[in-house]
Each structure stands twice: as structure tokens, then as C-alpha cells.
Amino acid sequence: MATKRDYYDVLGVSRGANETEIKKAYRKLALKYHPDRNPGNKEAEEKFKEATEAYDCLVNPKKRSAYDEFGHAGVGAGSGFGGFDSSSFAGFEDIFGDLFGGIFGGGRAATRGRRTRRGSDLEYHLELNFEEAAFGKRVPLSLTREETCAECGGSGSRPGVGKTECPECRGEGQVRMSQGFFSLARTCPRCQGEGEIIKEPCRACRGRGRQRGERKIEVKVPAGVQTGSQLRITGEGEAGFNGGPRGDLYVAVAVRHHEVFSREGDDVLCEVRIRFAQTVLGDEVKVPTLDGEVRMHVPPGTQPGKVFRLKGRGIPRLAGSGRGDELVRVVVEVPTHLTREERSLLEQFDKMLAKGK
């Protein structure tokens, strides 16, 4: 026959532990080894029983005193303390109630009533052009989503016909089953905890309480969004159950490619092509921006690939004030076909440059 372990060692507490410490230690072990959390695990079941036996003894002042003086013999069969003491069971629900949601019966009546549930969230993929993403826009959307049934108001029952008591749980919303010295209460699988079932389903929604419907809304896209931005529209998801709140709508943004502009953070990037003579002599050149064409000064001796910064011509900042800049990269156009005269002049120019070195 296996030797019983010391009850204090089982709970991992000292012999001077108070009631609060004992309850705390037992709760930790019981939550770890409870059969509901370890289905089919015999070892966990034995540890749970061992911890429960130790708790039953040490939480009872009289049994604890006898155990401290005589050990297991003081609380075993024939000692007057044999068997499970139901007086200590009263504290079990306080130990487990917040975690198991009241599955331990005998202390608190089952909660009954319509169980509301939040509706599902929806996601919408929105494609914008570069300028729309930069400056924002009001966009009309058409959604197909679950709406509360207008005929039954979401109850699922035929108008004028109420629900009837659930025969499975007899209106309690929970069904009970015994497991050792525990009475376990679980949500009724037939009525889902409501205690009532639909007697005559609504003909419009067939008892679902919801119907598919179309919904048109307008979404304000803020300036500065980019591919990967996500907008949350509260309360525009699917209808809830039994009067529960709606879900939310998430709008995922994608920005189309632009022929001229690209983006880096809040800055706009573009290239401007100029002639070789303009880089040497300098000039005023036209540059495209999000606000229209502007003139930009190219100083004499500008090197190919030079990047100029146009302050405040970029993207409006999404989470702040002001705008980014526009970065303009100079690309020198190299002619591929020259006339004899152009070639002769270019050769003379090149010779002059060579003599000057």
C-alpha cells in the first residue's frame, strides 16, 4: 500500500501557514491538475484528489489539529474525521469561481437569460490612386453583412409567439453532472444557456435572428494613408446576437502605382530630365508636384544624379501636422543621334575643355 505524503508537503506550505495561504496553494494545484483541464490524464487526476484531500484536512481547524498531533492516523477511518467534510466544500466556489465560471455547483444558482454576443468584424479592401491617398477622400462603400432581422427583432421567434422552456435543462440554462464529490454545471448544449428554446421560428430569418443585407456607408480616408494602412470604423461590422453590439469594419488600404511619383515615408520622390547644357550653364526647369507644376532653379555645374529638395511639397503627415518634402533627382539626357554640325561643335568643345586641364 502506498504511503500517504505529508499534507503540508502536498500543498507546498509550511506548518504555520494560515487559511489564506492554504487556500491559495490549493487553488494553484487544483487549477493545474483539475480533470477538466487534463482529460484522460490519470496522473493529473490522482494529484488533484491528493491536493483536495490535503486541503479538506488543513482548512478545517479541528481536523488540522488532529493531523498535527497524530498525523494521518488522526484523521483517517475510525478517528471520527474519516471521509470528505462538506463544510469545507463551501469555500471551493470562491476558489474556482473566477476561473471556471461557476462550473462547481452547490453554492451559487446558475445564471439564466438571453446571452448576448458581439457581431463579427468585417474587412474591406480599398484601392486608391496616389493623390487620393496623399490628400484623403470620402469614399462610398457598399457592404454585404448580417443585419438584425426586422421581422422578429433578432429573437428568432415568430412575431407574437414566445419562446418555451428548454426541456434539456428545464429552464436553468445549465445541465449538471456529478464527478466524485463535485457537482459540475455546464452550459446547456441545446439552449446555449438561455433556458429557453424557439417554439416557432421566424419565417423571415428561419430562427437565426439575422439576415444578409446590403448597407451603404461613406468612409472618410484621412490624408497620408499608404499601402498597409488600416482604418477601423466602429460599429459597422455584422449585427450582434440577442441584442449584442455590432462588430467593427476594418478598411485595408492599397495605393496604386504612379507613373511619376513614388513615396518614401512622407516624402515624394520624382525624376526630372534636363539637357547637358542646362547642367553646365544652369537654368529654371519645370518640375511636377502633387500641387501642380512649379519652377525649380538648377545652378550652373549641377552634376548628374543631384537631388534637390522642395520643402513642404510631399505627403501630409498622417499622425501630425505639416507635410513631407519632394525630392527631385536630376537625370541628364544624352542625345543618341547627332548631326554633323552638332558633332563638330561638340568635338571642338571637348578639345577646349581638354586644353584647359
# chains A, B, ... in the order shown; residues from 1 in each chain; ligands from 1
>>> select_by_dssp(residues="segment 72-300 of chain A", states="strand (DSSP E or B)", output="PyMOL selection string")
chain A and resi 104+117+122-128+137-148+157+164-165+174-179+182-187+196-197+201+210-221+230-233+241+249-255+262-264+267-275+283-287+294-298
>>> select_by_dssp(residues="segment 242-349 of chain A", states="helix (DSSP H, G or I)", output="VMD selection string")
chain A and resid 276 to 281 340 to 349
>>> residues_around(residues="Pro201 of chain A", least_positions_apart="5", cutoff="10 Å", atoms="only C-alpha atoms", output="JSON list (two decimals) with N, CA, C and O atoms, in the first residue's frame")
[["chain", "number", "residue", "atom", "x", "y", "z"],
["A", 152, "CYS", "N", -38.52, 39.82, -36.64],
["A", 152, "CYS", "CA", -38.57, 39.29, -35.27],
["A", 152, "CYS", "C", -37.73, 40.10, -34.29],
["A", 152, "CYS", "O", -37.70, 39.80, -33.10],
["A", 155, "SER", "N", -34.97, 38.06, -32.24],
["A", 155, "SER", "CA", -35.27, 36.99, -31.28],
["A", 155, "SER", "C", -35.23, 35.61, -31.92],
["A", 155, "SER", "O", -34.99, 34.60, -31.26],
["A", 156, "GLY", "N", -35.49, 35.55, -33.23],
["A", 156, "GLY", "CA", -35.53, 34.26, -33.93],
["A", 156, "GLY", "C", -36.89, 33.60, -33.87],
["A", 156, "GLY", "O", -37.13, 32.60, -34.56],
["A", 157, "SER", "N", -37.79, 34.15, -33.04],
["A", 157, "SER", "CA", -39.12, 33.57, -32.88],
["A", 157, "SER", "C", -40.14, 34.27, -33.78],
["A", 157, "SER", "O", -40.00, 35.47, -34.08],
["A", 158, "ARG", "N", -41.12, 33.53, -34.19],
["A", 158, "ARG", "CA", -42.20, 34.11, -34.98],
["A", 158, "ARG", "C", -42.87, 35.21, -34.16],
["A", 158, "ARG", "O", -43.16, 35.02, -32.98],
["A", 159, "PRO", "N", -43.09, 36.40, -34.76],
["A", 159, "PRO", "CA", -43.72, 37.51, -34.02],
["A", 159, "PRO", "C", -45.02, 37.08, -33.36],
["A", 159, "PRO", "O", -45.87, 36.42, -33.97],
["A", 161, "VAL", "N", -45.28, 34.96, -30.96],
["A", 161, "VAL", "CA", -45.11, 33.64, -30.34],
["A", 161, "VAL", "C", -43.83, 33.65, -29.50],
["A", 161, "VAL", "O", -42.74, 33.86, -30.03],
["A", 162, "GLY", "N", -43.97, 33.46, -28.22],
["A", 162, "GLY", "CA", -42.81, 33.50, -27.35],
["A", 162, "GLY", "C", -42.01, 32.21, -27.38],
["A", 162, "GLY", "O", -42.36, 31.24, -28.06],
["A", 163, "LYS", "N", -40.94, 32.20, -26.62],
["A", 163, "LYS", "CA", -40.12, 31.00, -26.51],
["A", 163, "LYS", "C", -40.67, 30.10, -25.43],
["A", 163, "LYS", "O", -41.49, 30.51, -24.60],
["A", 206, "ARG", "N", -35.75, 32.33, -40.36],
["A", 206, "ARG", "CA", -35.72, 30.91, -40.04],
["A", 206, "ARG", "C", -35.09, 30.62, -38.68],
["A", 206, "ARG", "O", -34.33, 29.67, -38.51],
["A", 207, "GLY", "N", -35.34, 31.50, -37.75],
["A", 207, "GLY", "CA", -34.87, 31.29, -36.38],
["A", 207, "GLY", "C", -33.48, 31.82, -36.10],
["A", 207, "GLY", "O", -33.01, 31.73, -34.96],
["A", 208, "ARG", "N", -32.81, 32.37, -37.11],
["A", 208, "ARG", "CA", -31.43, 32.84, -36.89],
["A", 208, "ARG", "C", -31.37, 34.18, -36.17],
["A", 208, "ARG", "O", -30.38, 34.50, -35.52],
["A", 209, "GLY", "N", -32.40, 34.97, -36.32],
["A", 209, "GLY", "CA", -32.40, 36.30, -35.70],
["A", 209, "GLY", "C", -31.67, 37.34, -36.53],
["A", 209, "GLY", "O", -31.65, 38.52, -36.20]]
>>> residues_around(residues="segment 22-25 of chain A", least_positions_apart="6", cutoff="8 Å", atoms="only C-alpha atoms", output="list of chain:residue names")
A:Leu11, A:Gly12, A:Val13, A:Tyr55, A:Leu58, A:Val59, A:Ile95
>>> residues_around(residues="Ile315 of chain A", least_positions_apart="3", cutoff="10 Å", atoms="only C-alpha atoms", output="JSON, numbers by chain")
{"A": [131, 133, 134, 135, 223, 224, 225, 263, 264, 265, 266, 267, 268, 290, 312, 318, 322, 323, 324, 325, 326]}
>>> write_last_selection(atoms="N, CA, C and O atoms", output="tab-separated table (two decimals), in the first residue's frame")
chain	number	residue	atom	x	y	z
A	131	GLU	N	-2.75	60.28	-55.49
A	131	GLU	CA	-3.21	61.57	-54.98
A	131	GLU	C	-4.30	61.41	-53.92
A	131	GLU	O	-4.35	62.15	-52.93
A	133	ALA	N	-4.65	58.95	-51.84
A	133	ALA	CA	-4.00	58.51	-50.60
A	133	ALA	C	-3.27	59.68	-49.94
A	133	ALA	O	-3.22	59.79	-48.71
A	134	ALA	N	-2.69	60.55	-50.76
A	134	ALA	CA	-1.92	61.67	-50.22
A	134	ALA	C	-2.80	62.69	-49.52
A	134	ALA	O	-2.49	63.16	-48.43
A	135	PHE	N	-3.92	63.04	-50.15
A	135	PHE	CA	-4.75	64.14	-49.64
A	135	PHE	C	-6.04	63.68	-48.96
A	135	PHE	O	-6.78	64.49	-48.42
A	223	ALA	N	-5.85	62.03	-44.94
A	223	ALA	CA	-4.68	62.32	-45.78
A	223	ALA	C	-3.45	61.61	-45.22
A	223	ALA	O	-3.25	61.54	-44.00
A	224	GLY	N	-2.63	61.06	-46.11
A	224	GLY	CA	-1.37	60.45	-45.69
A	224	GLY	C	-1.37	58.95	-45.56
A	224	GLY	O	-0.35	58.37	-45.21
A	225	VAL	N	-2.51	58.28	-45.86
A	225	VAL	CA	-2.52	56.82	-45.77
A	225	VAL	C	-1.63	56.23	-46.86
A	225	VAL	O	-1.33	56.88	-47.86
A	263	ARG	N	7.04	57.06	-53.24
A	263	ARG	CA	6.94	57.57	-51.87
A	263	ARG	C	7.97	56.93	-50.95
A	263	ARG	O	8.25	55.73	-51.06
A	264	GLU	N	8.50	57.74	-50.06
A	264	GLU	CA	9.41	57.25	-49.02
A	264	GLU	C	9.04	57.96	-47.73
A	264	GLU	O	9.42	59.11	-47.52
A	265	GLY	N	8.28	57.26	-46.89
A	265	GLY	CA	7.76	57.92	-45.69
A	265	GLY	C	6.77	59.00	-46.09
A	265	GLY	O	5.82	58.74	-46.84
A	266	ASP	N	7.00	60.22	-45.63
A	266	ASP	CA	6.14	61.34	-46.00
A	266	ASP	C	6.72	62.14	-47.16
A	266	ASP	O	6.14	63.18	-47.54
A	267	ASP	N	7.83	61.70	-47.72
A	267	ASP	CA	8.45	62.40	-48.85
A	267	ASP	C	8.02	61.79	-50.18
A	267	ASP	O	7.79	60.58	-50.27
A	268	VAL	N	7.92	62.67	-51.18
A	268	VAL	CA	7.61	62.24	-52.54
A	268	VAL	C	8.90	62.29	-53.36
A	268	VAL	O	9.68	63.24	-53.26
A	290	LEU	N	2.65	67.33	-56.44
A	290	LEU	CA	1.26	66.95	-56.16
A	290	LEU	C	0.32	68.14	-56.27
A	290	LEU	O	-0.90	67.97	-56.40
A	312	GLY	N	8.02	71.05	-48.15
A	312	GLY	CA	6.57	71.08	-47.98
A	312	GLY	C	5.77	70.66	-49.20
A	312	GLY	O	4.56	70.92	-49.27
A	318	LEU	N	0.23	61.80	-41.60
A	318	LEU	CA	-0.97	61.12	-41.12
A	318	LEU	C	-1.20	61.35	-39.63
A	318	LEU	O	-2.31	61.56	-39.19
A	322	GLY	N	1.60	69.40	-40.93
A	322	GLY	CA	2.58	69.69	-41.96
A	322	GLY	C	2.68	68.59	-42.99
A	322	GLY	O	1.92	67.61	-42.99
A	323	ARG	N	3.63	68.76	-43.89
A	323	ARG	CA	3.83	67.81	-44.98
A	323	ARG	C	5.30	67.46	-45.11
A	323	ARG	O	6.19	68.17	-44.61
A	324	GLY	N	5.56	66.34	-45.78
A	324	GLY	CA	6.92	65.98	-46.10
A	324	GLY	C	7.44	66.84	-47.25
A	324	GLY	O	6.82	67.84	-47.63
A	325	ASP	N	8.56	66.45	-47.82
A	325	ASP	CA	9.17	67.21	-48.92
A	325	ASP	C	9.10	66.42	-50.21
A	325	ASP	O	8.79	65.22	-50.21
A	326	GLU	N	9.42	67.10	-51.30
A	326	GLU	CA	9.57	66.41	-52.58
A	326	GLU	C	11.05	66.38	-52.93
A	326	GLU	O	11.73	67.41	-52.90
>>> residues_around(residues="Glu165 of chain A", least_positions_apart="4", cutoff="9 Å", atoms="only C-alpha atoms", output="PDB file with all heavy atoms, in the first residue's frame")
ATOM      1  N   CYS A 169     -32.566  21.448 -19.916  1.00  0.00           N
ATOM      2  CA  CYS A 169     -32.094  21.977 -18.630  1.00  0.00           C
ATOM      3  C   CYS A 169     -33.228  22.469 -17.753  1.00  0.00           C
ATOM      4  O   CYS A 169     -32.988  22.984 -16.656  1.00  0.00           O
ATOM      5  CB  CYS A 169     -31.100  23.116 -18.858  1.00  0.00           C
ATOM      6  SG  CYS A 169     -31.832  24.553 -19.682  1.00  0.00           S
ATOM      7  N   ARG A 170     -34.485  22.355 -18.265  1.00  0.00           N
ATOM      8  CA  ARG A 170     -35.677  22.777 -17.537  1.00  0.00           C
ATOM      9  C   ARG A 170     -35.610  24.253 -17.146  1.00  0.00           C
ATOM     10  O   ARG A 170     -35.991  24.643 -16.039  1.00  0.00           O
ATOM     11  CB  ARG A 170     -35.896  21.905 -16.301  1.00  0.00           C
ATOM     12  CG  ARG A 170     -36.134  20.435 -16.636  1.00  0.00           C
ATOM     13  CD  ARG A 170     -36.396  19.611 -15.412  1.00  0.00           C
ATOM     14  NE  ARG A 170     -36.638  18.208 -15.757  1.00  0.00           N
ATOM     15  CZ  ARG A 170     -36.892  17.256 -14.863  1.00  0.00           C
ATOM     16  NH1 ARG A 170     -36.944  17.559 -13.569  1.00  0.00           N
ATOM     17  NH2 ARG A 170     -37.085  16.020 -15.265  1.00  0.00           N
ATOM     18  N   GLY A 171     -35.098  25.027 -18.060  1.00  0.00           N
ATOM     19  CA  GLY A 171     -35.081  26.477 -17.855  1.00  0.00           C
ATOM     20  C   GLY A 171     -33.912  27.014 -17.061  1.00  0.00           C
ATOM     21  O   GLY A 171     -33.788  28.222 -16.871  1.00  0.00           O
ATOM     22  N   GLU A 172     -33.006  26.150 -16.601  1.00  0.00           N
ATOM     23  CA  GLU A 172     -31.876  26.598 -15.788  1.00  0.00           C
ATOM     24  C   GLU A 172     -30.751  27.213 -16.620  1.00  0.00           C
ATOM     25  O   GLU A 172     -29.958  27.993 -16.126  1.00  0.00           O
ATOM     26  CB  GLU A 172     -31.320  25.429 -14.967  1.00  0.00           C
ATOM     27  CG  GLU A 172     -32.214  24.980 -13.833  1.00  0.00           C
ATOM     28  CD  GLU A 172     -32.372  26.053 -12.768  1.00  0.00           C
ATOM     29  OE1 GLU A 172     -31.376  26.721 -12.438  1.00  0.00           O
ATOM     30  OE2 GLU A 172     -33.505  26.239 -12.294  1.00  0.00           O
ATOM     31  N   GLY A 195     -31.939  29.004 -21.332  1.00  0.00           N
ATOM     32  CA  GLY A 195     -33.034  28.412 -20.566  1.00  0.00           C
ATOM     33  C   GLY A 195     -34.308  28.317 -21.361  1.00  0.00           C
ATOM     34  O   GLY A 195     -35.309  27.787 -20.880  1.00  0.00           O
ATOM     35  N   GLU A 196     -34.285  28.853 -22.596  1.00  0.00           N
ATOM     36  CA  GLU A 196     -35.459  28.825 -23.450  1.00  0.00           C
ATOM     37  C   GLU A 196     -35.067  28.402 -24.860  1.00  0.00           C
ATOM     38  O   GLU A 196     -33.936  28.597 -25.277  1.00  0.00           O
ATOM     39  CB  GLU A 196     -36.117  30.214 -23.516  1.00  0.00           C
ATOM     40  CG  GLU A 196     -36.629  30.734 -22.189  1.00  0.00           C
ATOM     41  CD  GLU A 196     -37.144  32.150 -22.310  1.00  0.00           C
ATOM     42  OE1 GLU A 196     -36.484  32.970 -22.992  1.00  0.00           O
ATOM     43  OE2 GLU A 196     -38.205  32.444 -21.730  1.00  0.00           O
ATOM     44  N   ILE A 197     -36.026  27.830 -25.577  1.00  0.00           N
ATOM     45  CA  ILE A 197     -35.787  27.470 -26.963  1.00  0.00           C
ATOM     46  C   ILE A 197     -36.907  28.066 -27.823  1.00  0.00           C
ATOM     47  O   ILE A 197     -37.978  28.404 -27.320  1.00  0.00           O
ATOM     48  CB  ILE A 197     -35.729  25.939 -27.172  1.00  0.00           C
ATOM     49  CG1 ILE A 197     -37.029  25.287 -26.716  1.00  0.00           C
ATOM     50  CG2 ILE A 197     -34.532  25.346 -26.467  1.00  0.00           C
ATOM     51  CD1 ILE A 197     -37.112  23.803 -27.032  1.00  0.00           C
ATOM     52  N   ILE A 198     -36.630  28.207 -29.099  1.00  0.00           N
ATOM     53  CA  ILE A 198     -37.610  28.786 -30.017  1.00  0.00           C
ATOM     54  C   ILE A 198     -38.714  27.766 -30.289  1.00  0.00           C
ATOM     55  O   ILE A 198     -38.438  26.631 -30.693  1.00  0.00           O
ATOM     56  CB  ILE A 198     -36.927  29.205 -31.328  1.00  0.00           C
ATOM     57  CG1 ILE A 198     -35.936  30.343 -31.050  1.00  0.00           C
ATOM     58  CG2 ILE A 198     -37.947  29.631 -32.365  1.00  0.00           C
ATOM     59  CD1 ILE A 198     -35.081  30.715 -32.252  1.00  0.00           C
TER      60      ILE A 198
END
>>> residues_around(residues="segment 232-242 of chain A", least_positions_apart="4", cutoff="12 Å", atoms="only C-alpha atoms", output="MDAnalysis selection string")
chainID A and resid 113:124 141:150 152:157 194 207:222 246:253
>>> atom_distance(atom1="atom CA of Val272 of chain A", atom2="atom CA of Val285 of chain A")
8.6 Å
>>> closest_residue(among="A:Thr339, A:Asp36, A:His125, A:Phe276", to="Gly228 of chain A", atoms="only C-alpha atoms")
A:His125
